[in-house]
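A.B. asks: Contents are CSV, C-alpha atoms and all ligand atoms; file name data-v6.csv:
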```csv
chain,number,residue,atom,x,y,z
A,1,MET,CA,-29.0,-46.3,-36.7
A,2,SER,CA,-31.1,-45.5,-33.6
A,3,THR,CA,-34.4,-43.6,-33.7
A,4,TYR,CA,-35.9,-41.5,-30.9
A,5,PHE,CA,-38.9,-39.4,-30.3
A,6,ILE,CA,-38.9,-35.9,-28.9
A,7,SER,CA,-41.9,-33.8,-28.0
A,8,GLU,CA,-42.3,-30.3,-29.4
A,9,ASN,CA,-41.7,-28.8,-26.0
A,10,SER,CA,-38.5,-30.8,-25.4
A,11,TRP,CA,-37.3,-29.9,-28.9
A,12,GLN,CA,-37.7,-26.2,-28.0
A,13,LYS,CA,-35.7,-26.7,-24.8
A,14,PHE,CA,-33.1,-28.9,-26.6
A,15,ILE,CA,-32.3,-26.1,-29.1
A,16,GLN,CA,-32.4,-23.5,-26.4
A,17,SER,CA,-29.9,-25.4,-24.3
A,18,LEU,CA,-27.7,-26.0,-27.3
A,19,SER,CA,-27.6,-22.3,-28.2
A,20,ARG,CA,-26.3,-21.5,-24.7
A,21,THR,CA,-23.0,-23.3,-25.4
A,22,VAL,CA,-22.5,-23.3,-29.2
A,23,SER,CA,-23.5,-21.2,-32.2
A,24,VAL,CA,-26.8,-22.5,-33.6
A,25,TYR,CA,-28.1,-21.7,-37.1
A,26,TYR,CA,-31.8,-22.1,-37.3
A,27,PRO,CA,-34.3,-21.4,-40.2
A,28,GLU,CA,-36.3,-18.2,-39.8
A,29,ALA,CA,-39.6,-17.7,-41.6
A,30,ALA,CA,-39.8,-14.8,-44.0
A,31,GLY,CA,-43.0,-14.8,-46.0
A,32,GLU,CA,-43.0,-18.1,-47.9
A,33,ASP,CA,-39.3,-18.5,-47.5
A,34,TYR,CA,-36.9,-19.6,-44.8
A,35,HIS,CA,-33.6,-17.9,-44.0
A,36,LEU,CA,-30.8,-19.6,-42.2
A,37,ALA,CA,-30.0,-17.3,-39.3
A,38,PRO,CA,-27.9,-17.4,-36.1
A,39,ALA,CA,-30.2,-18.3,-33.2
A,40,LEU,CA,-30.1,-15.8,-30.3
A,41,GLN,CA,-28.0,-17.1,-27.5
A,42,GLY,CA,-30.1,-19.1,-25.0
A,43,ALA,CA,-33.4,-17.9,-26.6
A,44,PRO,CA,-36.1,-20.3,-27.8
A,45,PRO,CA,-36.1,-20.6,-31.6
A,46,PRO,CA,-38.8,-18.5,-33.2
A,47,LEU,CA,-39.8,-21.4,-35.6
A,48,LEU,CA,-40.1,-25.1,-34.9
A,49,PHE,CA,-40.0,-26.4,-38.4
A,50,ASN,CA,-39.2,-25.3,-42.0
A,51,ARG,CA,-41.3,-27.2,-44.6
A,52,TYR,CA,-38.7,-26.9,-47.3
A,53,ARG,CA,-35.1,-25.7,-47.9
A,54,THR,CA,-33.8,-22.4,-46.8
A,55,VAL,CA,-32.9,-19.6,-49.3
A,56,GLN,CA,-29.2,-19.8,-48.5
A,57,PRO,CA,-27.4,-23.0,-49.5
A,58,LEU,CA,-25.8,-25.0,-46.8
A,59,LYS,CA,-22.4,-24.6,-48.6
A,60,SER,CA,-22.2,-21.0,-47.3
A,61,LEU,CA,-21.3,-22.3,-43.8
A,62,PHE,CA,-18.4,-24.4,-45.1
A,63,PHE,CA,-17.1,-22.6,-48.2
A,64,GLU,CA,-17.5,-19.0,-47.3
A,65,PHE,CA,-18.3,-16.6,-50.1
A,66,ARG,CA,-15.2,-14.5,-49.2
A,67,ARG,CA,-12.4,-15.4,-46.9
A,68,GLY,CA,-8.7,-14.7,-46.4
A,69,VAL,CA,-6.6,-17.7,-47.0
A,70,GLY,CA,-3.1,-16.4,-46.4
A,71,SER,CA,-0.7,-13.5,-46.1
A,72,TYR,CA,2.9,-12.8,-46.9
A,73,PHE,CA,5.6,-10.1,-46.8
A,74,GLY,CA,4.8,-9.3,-43.1
A,75,GLY,CA,1.0,-10.0,-43.2
A,76,SER,CA,-0.5,-11.1,-39.9
A,77,GLY,CA,-1.8,-14.5,-41.1
A,78,GLU,CA,-5.3,-15.7,-41.5
A,79,GLU,CA,-7.3,-16.1,-38.2
A,80,GLU,CA,-9.3,-19.2,-37.4
A,81,ARG,CA,-12.9,-18.4,-37.3
A,82,GLY,CA,-15.5,-19.5,-34.7
A,83,GLY,CA,-16.0,-22.5,-32.5
A,84,GLU,CA,-18.4,-25.4,-32.6
A,85,GLN,CA,-21.6,-24.7,-34.4
A,86,VAL,CA,-24.9,-26.6,-35.1
A,87,VAL,CA,-27.0,-26.0,-38.2
A,88,VAL,CA,-30.6,-27.0,-38.0
A,89,GLY,CA,-33.3,-27.7,-40.6
A,90,MET,CA,-31.2,-28.5,-43.6
A,91,LYS,CA,-32.9,-30.6,-46.3
A,92,GLY,CA,-31.8,-33.6,-48.4
A,93,CYS,CA,-31.0,-31.5,-51.5
A,94,ASP,CA,-28.4,-29.5,-49.5
A,95,LEU,CA,-26.9,-32.6,-47.9
A,96,LYS,CA,-26.5,-34.4,-51.3
A,97,ALA,CA,-24.7,-31.3,-52.6
A,98,MET,CA,-22.1,-31.6,-49.8
A,99,ALA,CA,-20.8,-34.8,-51.4
A,100,VAL,CA,-19.7,-32.6,-54.3
A,101,LEU,CA,-18.0,-30.1,-52.0
A,102,ASP,CA,-16.4,-32.9,-50.0
A,103,PHE,CA,-14.9,-34.3,-53.2
A,104,VAL,CA,-13.5,-30.9,-54.1
A,105,PHE,CA,-12.3,-29.6,-50.8
A,106,ALA,CA,-11.7,-32.7,-48.7
A,107,GLY,CA,-10.3,-35.0,-51.4
A,108,GLU,CA,-6.9,-35.3,-52.9
A,109,VAL,CA,-5.8,-31.8,-52.0
A,110,PRO,CA,-7.7,-31.0,-48.8
A,111,ASP,CA,-8.6,-27.4,-48.0
A,112,PRO,CA,-7.8,-26.7,-44.3
A,113,PHE,CA,-10.5,-24.0,-44.0
A,114,TYR,CA,-13.2,-26.3,-45.4
A,115,LEU,CA,-12.0,-29.2,-43.2
A,116,ARG,CA,-12.0,-27.1,-40.1
A,117,ASN,CA,-15.6,-25.9,-40.9
A,118,ARG,CA,-16.7,-29.5,-41.5
A,119,GLU,CA,-15.2,-30.7,-38.2
A,120,ARG,CA,-16.7,-27.9,-36.1
A,121,THR,CA,-20.2,-28.2,-37.5
A,122,LEU,CA,-22.9,-30.6,-36.5
A,123,ILE,CA,-25.8,-31.0,-38.9
A,124,ILE,CA,-29.4,-31.5,-37.8
A,125,SER,CA,-31.4,-32.0,-40.9
A,126,SER,CA,-35.1,-32.5,-41.4
A,127,ASP,CA,-37.6,-34.0,-43.8
A,128,CYS,CA,-39.5,-31.8,-46.2
A,129,THR,CA,-43.2,-31.7,-45.5
A,130,GLY,CA,-44.0,-29.4,-48.4
A,131,PHE,CA,-42.2,-28.1,-51.5
A,132,LYS,CA,-41.8,-25.0,-53.6
A,133,LYS,CA,-43.0,-25.1,-57.2
A,134,VAL,CA,-39.4,-25.0,-58.3
A,135,CYS,CA,-38.3,-28.0,-56.2
A,136,PHE,CA,-37.4,-31.1,-58.3
A,137,CYS,CA,-35.2,-33.4,-56.3
A,138,VAL,CA,-37.3,-36.4,-57.3
A,139,LEU,CA,-36.4,-35.8,-60.9
A,140,VAL,CA,-32.6,-36.2,-60.3
A,141,GLY,CA,-32.7,-39.3,-58.1
A,142,GLY,CA,-33.3,-37.5,-54.8
A,143,LYS,CA,-36.0,-37.7,-52.1
A,144,PRO,CA,-37.7,-35.0,-50.1
A,145,HIS,CA,-36.1,-36.3,-47.0
A,146,PRO,CA,-32.4,-36.7,-46.1
A,147,GLU,CA,-30.9,-40.1,-46.7
A,148,GLU,CA,-27.4,-39.5,-45.5
A,149,GLY,CA,-25.0,-36.7,-44.6
A,150,TYR,CA,-26.6,-35.7,-41.3
A,151,ASP,CA,-25.6,-36.2,-37.7
A,152,LEU,CA,-29.3,-36.1,-36.6
A,153,ASN,CA,-32.4,-35.9,-38.8
A,154,TYR,CA,-35.9,-35.2,-37.6
A,155,THR,CA,-39.3,-35.8,-39.0
A,156,PRO,CA,-42.2,-33.9,-37.6
A,157,LEU,CA,-45.3,-35.8,-36.4
A,158,PRO,CA,-48.4,-34.3,-34.8
A,159,GLU,CA,-47.0,-34.4,-31.2
A,160,GLY,CA,-43.3,-34.1,-31.8
A,161,SER,CA,-40.6,-35.5,-34.0
A,162,VAL,CA,-38.9,-38.8,-34.8
A,163,VAL,CA,-35.2,-38.2,-34.6
A,164,GLU,CA,-32.8,-40.5,-36.5
A,165,VAL,CA,-29.1,-40.7,-35.5
A,166,GLY,CA,-26.7,-40.6,-38.4
A,167,THR,CA,-23.2,-40.5,-36.8
A,168,PRO,CA,-21.4,-41.0,-33.5
A,169,LYS,CA,-21.3,-37.2,-33.1
A,170,GLY,CA,-25.1,-37.1,-33.3
A,171,MET,CA,-25.4,-40.0,-30.9
A,172,ALA,CA,-23.2,-38.2,-28.4
A,173,LEU,CA,-25.5,-35.2,-28.6
A,174,VAL,CA,-28.6,-37.4,-27.9
A,175,ASP,CA,-26.7,-38.9,-25.0
A,176,ARG,CA,-25.9,-35.5,-23.6
A,177,PHE,CA,-29.6,-34.5,-23.7
A,178,LYS,CA,-31.0,-37.9,-23.0
A,179,ASP,CA,-33.8,-36.7,-20.8
A,180,TYR,CA,-35.5,-35.1,-23.9
A,181,PHE,CA,-35.4,-38.3,-26.0
A,182,ALA,CA,-37.3,-41.6,-25.8
A,183,PRO,CA,-36.9,-44.6,-28.1
A,184,ALA,CA,-39.3,-44.2,-31.1
A,185,THR,CA,-42.2,-46.7,-31.2
A,186,GLN,CA,-43.1,-48.8,-34.1
A,187,GLU,CA,-46.2,-46.7,-34.6
A,188,GLN,CA,-44.2,-43.5,-34.8
A,189,LEU,CA,-41.8,-45.1,-37.4
A,190,GLU,CA,-44.8,-46.1,-39.5
A,191,GLN,CA,-46.2,-42.6,-39.2
A,192,ARG,CA,-42.9,-41.3,-40.4
A,193,ALA,CA,-42.9,-43.7,-43.4
A,194,GLU,CA,-46.4,-42.6,-44.4
A,195,ALA,CA,-45.5,-38.9,-44.1
A,196,ARG,CA,-42.5,-39.4,-46.3
A,197,GLU,CA,-44.4,-41.3,-48.9
A,198,ARG,CA,-47.1,-38.7,-49.0
A,199,VAL,CA,-44.7,-35.8,-49.7
A,200,ALA,CA,-42.7,-37.8,-52.3
A,201,ALA,CA,-45.9,-38.7,-54.1
A,202,LEU,CA,-47.2,-35.1,-54.2
A,203,LEU,CA,-43.8,-33.8,-55.4
A,204,THR,CA,-43.6,-36.5,-58.1
A,205,GLU,CA,-47.1,-35.6,-59.3
A,206,HIS,CA,-46.2,-31.9,-59.3
A,207,GLN,CA,-43.2,-32.7,-61.6
A,208,LYS,CA,-44.7,-35.4,-63.7
A,209,GLY,CA,-44.3,-33.4,-67.0
A,210,TYR,CA,-40.5,-33.8,-66.6
A,211,GLY,CA,-40.2,-37.5,-65.8
A,212,TYR,CA,-37.5,-38.1,-68.4
A,213,LEU,CA,-34.9,-36.7,-66.1
A,214,TRP,CA,-34.7,-39.8,-64.0
A,215,GLY,CA,-31.5,-41.8,-63.6
A,216,GLY,CA,-28.7,-41.6,-66.2
A,217,VAL,CA,-30.9,-40.3,-68.9
A,218,THR,CA,-29.8,-36.7,-68.4
A,219,ARG,CA,-26.1,-37.6,-68.8
A,220,GLU,CA,-26.7,-39.4,-72.1
A,221,LEU,CA,-28.9,-36.5,-73.2
A,222,MET,CA,-26.2,-33.9,-72.5
A,223,GLU,CA,-23.7,-35.8,-74.5
A,224,ARG,CA,-26.1,-35.9,-77.5
A,225,VAL,CA,-27.2,-32.2,-77.6
A,226,PHE,CA,-23.8,-30.4,-77.6
A,227,GLU,CA,-24.6,-28.6,-80.9
A,228,SER,CA,-28.3,-27.9,-80.2
A,229,PRO,CA,-29.6,-24.4,-81.0
A,230,VAL,CA,-31.5,-24.5,-77.7
A,231,TRP,CA,-28.4,-23.3,-75.9
A,232,GLU,CA,-28.2,-20.1,-77.9
A,233,GLU,CA,-31.9,-19.5,-77.7
A,234,GLU,CA,-32.0,-20.0,-73.9
A,235,ALA,CA,-28.8,-17.9,-73.4
A,236,GLU,CA,-30.6,-14.9,-75.0
A,237,ARG,CA,-32.3,-14.3,-71.7
A,238,CYS,CA,-29.2,-14.7,-69.6
A,239,VAL,CA,-27.8,-11.4,-68.2
A,240,GLU,CA,-24.7,-13.1,-66.8
A,241,CYS,CA,-25.5,-12.2,-63.2
A,242,GLY,CA,-24.0,-15.4,-61.8
A,243,ALA,CA,-26.9,-15.9,-59.4
A,244,CYS,CA,-27.5,-19.5,-60.6
A,245,ASN,CA,-23.9,-20.3,-59.5
A,246,PHE,CA,-24.0,-18.5,-56.2
A,247,VAL,CA,-27.3,-20.0,-54.9
A,248,CYS,CA,-26.4,-23.5,-56.0
A,249,PRO,CA,-25.5,-25.8,-53.1
A,250,SER,CA,-23.0,-27.7,-55.2
A,251,CYS,CA,-21.3,-25.0,-57.2
A,252,HIS,CA,-17.8,-24.5,-55.8
A,253,CYS,CA,-15.6,-22.4,-58.1
A,254,PHE,CA,-13.6,-19.6,-56.7
A,255,PHE,CA,-10.9,-17.1,-57.6
A,256,LEU,CA,-7.9,-15.8,-55.6
A,257,SER,CA,-7.0,-12.1,-55.4
A,258,ASP,CA,-4.2,-10.3,-53.6
A,259,HIS,CA,-4.8,-7.1,-51.5
A,260,GLY,CA,-2.7,-4.6,-49.6
A,261,ARG,CA,0.5,-2.7,-50.2
A,262,GLU,CA,2.6,-3.8,-47.3
A,263,ASN,CA,0.8,-6.6,-45.5
A,264,PHE,CA,-0.4,-8.6,-48.4
A,265,ARG,CA,-3.5,-10.7,-48.0
A,266,ARG,CA,-4.7,-13.4,-50.3
A,267,VAL,CA,-8.5,-13.6,-50.5
A,268,ARG,CA,-10.7,-16.3,-51.9
A,269,ASN,CA,-14.1,-15.3,-53.4
A,270,TRP,CA,-16.8,-17.3,-55.1
A,271,ASP,CA,-16.7,-17.3,-58.8
A,272,ALA,CA,-19.3,-18.1,-61.5
A,273,CYS,CA,-18.8,-20.0,-64.7
A,274,GLN,CA,-21.5,-17.8,-66.3
A,275,TYR,CA,-19.1,-14.8,-66.2
A,276,LYS,CA,-17.1,-14.1,-69.4
A,277,GLY,CA,-13.8,-13.8,-67.6
A,278,PHE,CA,-14.2,-17.1,-65.7
A,279,ALA,CA,-12.2,-19.3,-68.0
A,280,ARG,CA,-10.0,-16.6,-69.6
A,281,VAL,CA,-6.3,-17.3,-69.4
A,282,GLY,CA,-3.2,-15.2,-69.5
A,283,GLY,CA,-2.8,-13.6,-72.9
A,284,GLY,CA,-6.6,-13.1,-73.2
A,285,ALA,CA,-7.6,-16.4,-74.8
A,286,ASN,CA,-11.0,-17.6,-73.8
A,287,PRO,CA,-12.3,-21.1,-74.5
A,288,ARG,CA,-15.9,-20.0,-73.8
A,289,PRO,CA,-16.3,-16.5,-75.2
A,290,GLU,CA,-20.0,-16.8,-75.9
A,291,LEU,CA,-22.7,-16.8,-73.3
A,292,TYR,CA,-24.4,-19.9,-74.7
A,293,GLN,CA,-21.2,-21.8,-74.3
A,294,ARG,CA,-21.0,-20.9,-70.6
A,295,LEU,CA,-24.7,-21.8,-70.1
A,296,ARG,CA,-24.0,-25.1,-71.7
A,297,THR,CA,-20.9,-25.8,-69.6
A,298,ARG,CA,-22.9,-25.4,-66.4
A,299,TYR,CA,-25.2,-28.1,-67.4
A,300,GLU,CA,-22.4,-30.3,-68.7
A,301,LYS,CA,-20.5,-29.9,-65.4
A,302,LYS,CA,-23.6,-30.9,-63.4
A,303,PHE,CA,-24.9,-33.8,-65.5
A,304,CYS,CA,-21.8,-35.2,-67.2
A,305,PHE,CA,-18.6,-34.2,-65.4
A,306,CYS,CA,-19.8,-34.6,-61.8
A,307,PRO,CA,-21.3,-38.1,-62.4
A,308,ALA,CA,-18.2,-39.2,-64.4
A,309,VAL,CA,-15.5,-37.9,-62.1
A,310,MET,CA,-17.2,-37.7,-58.6
A,311,GLY,CA,-19.7,-40.4,-59.0
A,312,VAL,CA,-22.6,-38.1,-57.9
A,313,ASN,CA,-25.0,-35.8,-59.7
A,314,GLY,CA,-23.9,-32.1,-59.7
A,315,CYS,CA,-27.6,-31.1,-59.4
A,316,THR,CA,-29.7,-32.0,-56.5
A,317,GLY,CA,-33.0,-30.4,-57.7
A,318,CYS,CA,-33.2,-27.8,-55.0
A,319,GLY,CA,-34.6,-25.4,-57.6
A,320,ARG,CA,-32.7,-22.4,-56.3
A,321,CYS,CA,-31.2,-21.5,-59.7
A,322,VAL,CA,-34.7,-21.6,-61.2
A,323,GLU,CA,-36.0,-19.2,-58.6
A,324,ALA,CA,-33.0,-16.9,-58.7
A,325,CYS,CA,-32.7,-16.5,-62.5
A,326,ILE,CA,-33.9,-13.0,-63.5
A,327,GLY,CA,-33.9,-14.2,-67.1
A,328,LYS,CA,-36.4,-16.9,-66.0
A,329,ILE,CA,-34.3,-19.7,-67.3
A,330,ASP,CA,-35.7,-22.9,-65.8
A,331,MET,CA,-33.3,-25.9,-65.8
A,332,ARG,CA,-36.2,-28.3,-66.1
A,333,GLU,CA,-37.6,-26.5,-69.2
A,334,VAL,CA,-34.1,-26.3,-70.8
A,335,LEU,CA,-33.6,-30.1,-70.4
A,336,LYS,CA,-37.2,-30.7,-71.6
A,337,ARG,CA,-36.6,-28.7,-74.7
A,338,LEU,CA,-33.3,-30.5,-75.3
A,339,SER,CA,-34.9,-33.8,-74.9
A,340,GLY,CA,-37.5,-32.9,-77.5
A,341,CYS,CA,-40.3,-33.7,-75.1
A,342,LYS,CA,-43.4,-31.6,-75.4
B,1,LIG,S1,-28.3,-26.6,-60.5
B,1,LIG,FE1,-30.0,-25.5,-59.7
B,1,LIG,S2,-31.5,-27.0,-59.0
B,1,LIG,FE2,-29.5,-28.1,-59.3
B,1,LIG,S3,-28.6,-28.1,-57.2
B,1,LIG,FE3,-27.8,-26.2,-58.3
B,1,LIG,S4,-29.3,-24.6,-57.7
B,1,LIG,FE4,-30.2,-26.5,-57.2
B,2,LIG,S1,-29.1,-16.7,-63.0
B,2,LIG,FE1,-30.0,-16.7,-65.1
B,2,LIG,S2,-29.4,-14.7,-65.9
B,2,LIG,FE2,-28.1,-15.0,-64.1
B,2,LIG,S3,-26.2,-16.0,-65.0
B,2,LIG,FE3,-27.6,-17.6,-64.3
B,2,LIG,S4,-28.7,-18.2,-66.2
B,2,LIG,FE4,-27.8,-16.1,-66.5
```
What is this structure when it is put down as structure tokens?
C.D. replies:
Amino acid sequence: MSTYFISENSWQKFIQSLSRTVSVYYPEAAGEDYHLAPALQGAPPPLLFNRYRTVQPLKSLFFEFRRGVGSYFGGSGEEERGGEQVVVGMKGCDLKAMAVLDFVFAGEVPDPFYLRNRERTLIISSDCTGFKKVCFCVLVGGKPHPEEGYDLNYTPLPEGSVVEVGTPKGMALVDRFKDYFAPATQEQLEQRAEARERVAALLTEHQKGYGYLWGGVTRELMERVFESPVWEEEAERCVECGACNFVCPSCHCFFLSDHGRENFRRVRNWDACQYKGFARVGGGANPRPELYQRLRTRYEKKFCFCPAVMGVNGCTGCGRCVEACIGKIDMREVLKRLSGCK
């Protein structure tokens, strides 16, 4: 695909022009973190670049945490929400997770709300130039720069950014603002390659104590350790808050509930497999009554079920669950214990 160069000043104007006509979500710095926030209409973005992923997972723009999905007995129907939108600064871990959501919501039984959100959203992703200590994409086959799933991707260099086009939708946007973009030079592409290698090497070094996670090792490990006491020991610190599910960019479970006395509405909410009631069925039977069984099932889903059924890993190493867990359960440590590594 084509690559371009855009100066910092032009990037600012580009986002500013975009935000006059469509909704733009842009990362906002908050201490060491970045939040995904709606950019003010027509205003210059307060931040030019986020070094690593935002606190919110990208999934929240496509699979909303709560939304009406239908009505009956005189209900007024579910309104369509919003027009075109552009989301800026998403990282490779979030884009990889979208493959899981696409399988679930855009596969055999397509979800119209998800599809509509997919169609109306243009994704401008960017390379990571740093990482949080919880980031571990390199351990689960990822890289700290997006490889696919973006319409445009940008890599910051000292004077501006190299922009790579990923789709015809992205190309149309570059054409529309062509005054801001110039073809990238060979030297700029080399600078990009060096910058990418540098970050990947630093992150790999940072995670070197967990190197066994590479490739299919994790899947084979999960099949072997079903009866391990590690599950019960780790689950002792779990308080069943569900945060690990909610912050995960690839978790996608939900439940439906009905509301209203006359105009009934059916509402879809995010659900969490760590909750006791998650798998309970009519009559009260529960296949996973114990917390350790639910903790284990989350790992099995990500490292066995997703690769077997969807052909992709269910974990992209964003580290959000590690950061969010108030019981301080670290996925890398759990897998390390299970593998018997010291
Ligand atoms: S399981 Fe944890 S590290 Fe893996 S994608 Fe989900 S939140 Fe990120
Ligand atoms: S975030 Fe931690 S404490 Fe909360 S449900 Fe997940 S594992 Fe349990």
A.B. asks: For ligand LIG 1 (chain B), list the contacting residues at 6 Å or closer, counting all atoms listed in the file, as a count of residues only.
C.D. replies: 11
A.B. asks: Taking all atoms listed in the file into account, report as a list in words which residues have an atom no farther than 7 Å from an atom of ligand LIG 2 (chain B).
C.D. replies: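 The neighbouring residues of ligand LIG 2 (chain B) are, in order, Arg237, Cys238, Val239, Glu240, Cys241, Gly242, Ala243, Cys244, Asn245, Gln274, Leu295, Cys321, Ala324, Cys325, Ile326, Gly327, Lys328 and Ile329 of chain A.
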A.B. asks: Taking 3 positions as the minimum chain separation for residues in the same chain, which residues sit within 8 Å of segment 178-194 of chain A when counting only C-alpha atoms? Answer as a PyMOL selection string.
C.D. replies: chain A and resi 3-7+10-11+14+155-157+162+174-175+197-198
A.B. asks: From the set A:Ser60, A:Thr129, A:Asn263, A:Ser2, which residue has the shortest atom-to-atom contact distance to Met98 of chain A, counting all atoms listed in the file?
C.D. replies: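 Of A:Ser60, A:Thr129, A:Asn263, A:Ser2, the one nearest Met98 of chain A, counting all atoms listed in the file, is A:Ser60.
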A.B. asks: Residues at most 10 Å from segment 203-205 of chain A, counting only C-alpha atoms, excluding those fewer than 2 positions away in the same chain, as a list of chain:residue names?
C.D. replies: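 Near segment 203-205 of chain A, the qualifying residues are A:Gly130, A:Phe131, A:Lys132, A:Lys133, A:Cys135, A:Phe136, A:Cys137, A:Val138, A:Leu139, A:Lys143, A:Pro144, A:Glu197, A:Arg198, A:Val199, A:Ala200, A:Ala201, A:Gln207, A:Lys208, A:Gly209, A:Tyr210, A:Gly211.
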A.B. asks: So that I can check the surroundings of Phe62 of chain A, please list as an MDAnalysis selection string every protein, DNA and RNA residue that reaches within 9 Å of it, counting all atoms listed in the file and ignoring chain neighbours fewer than 4 positions away.
C.D. replies: chainID A and resid 58 101 113:118 121
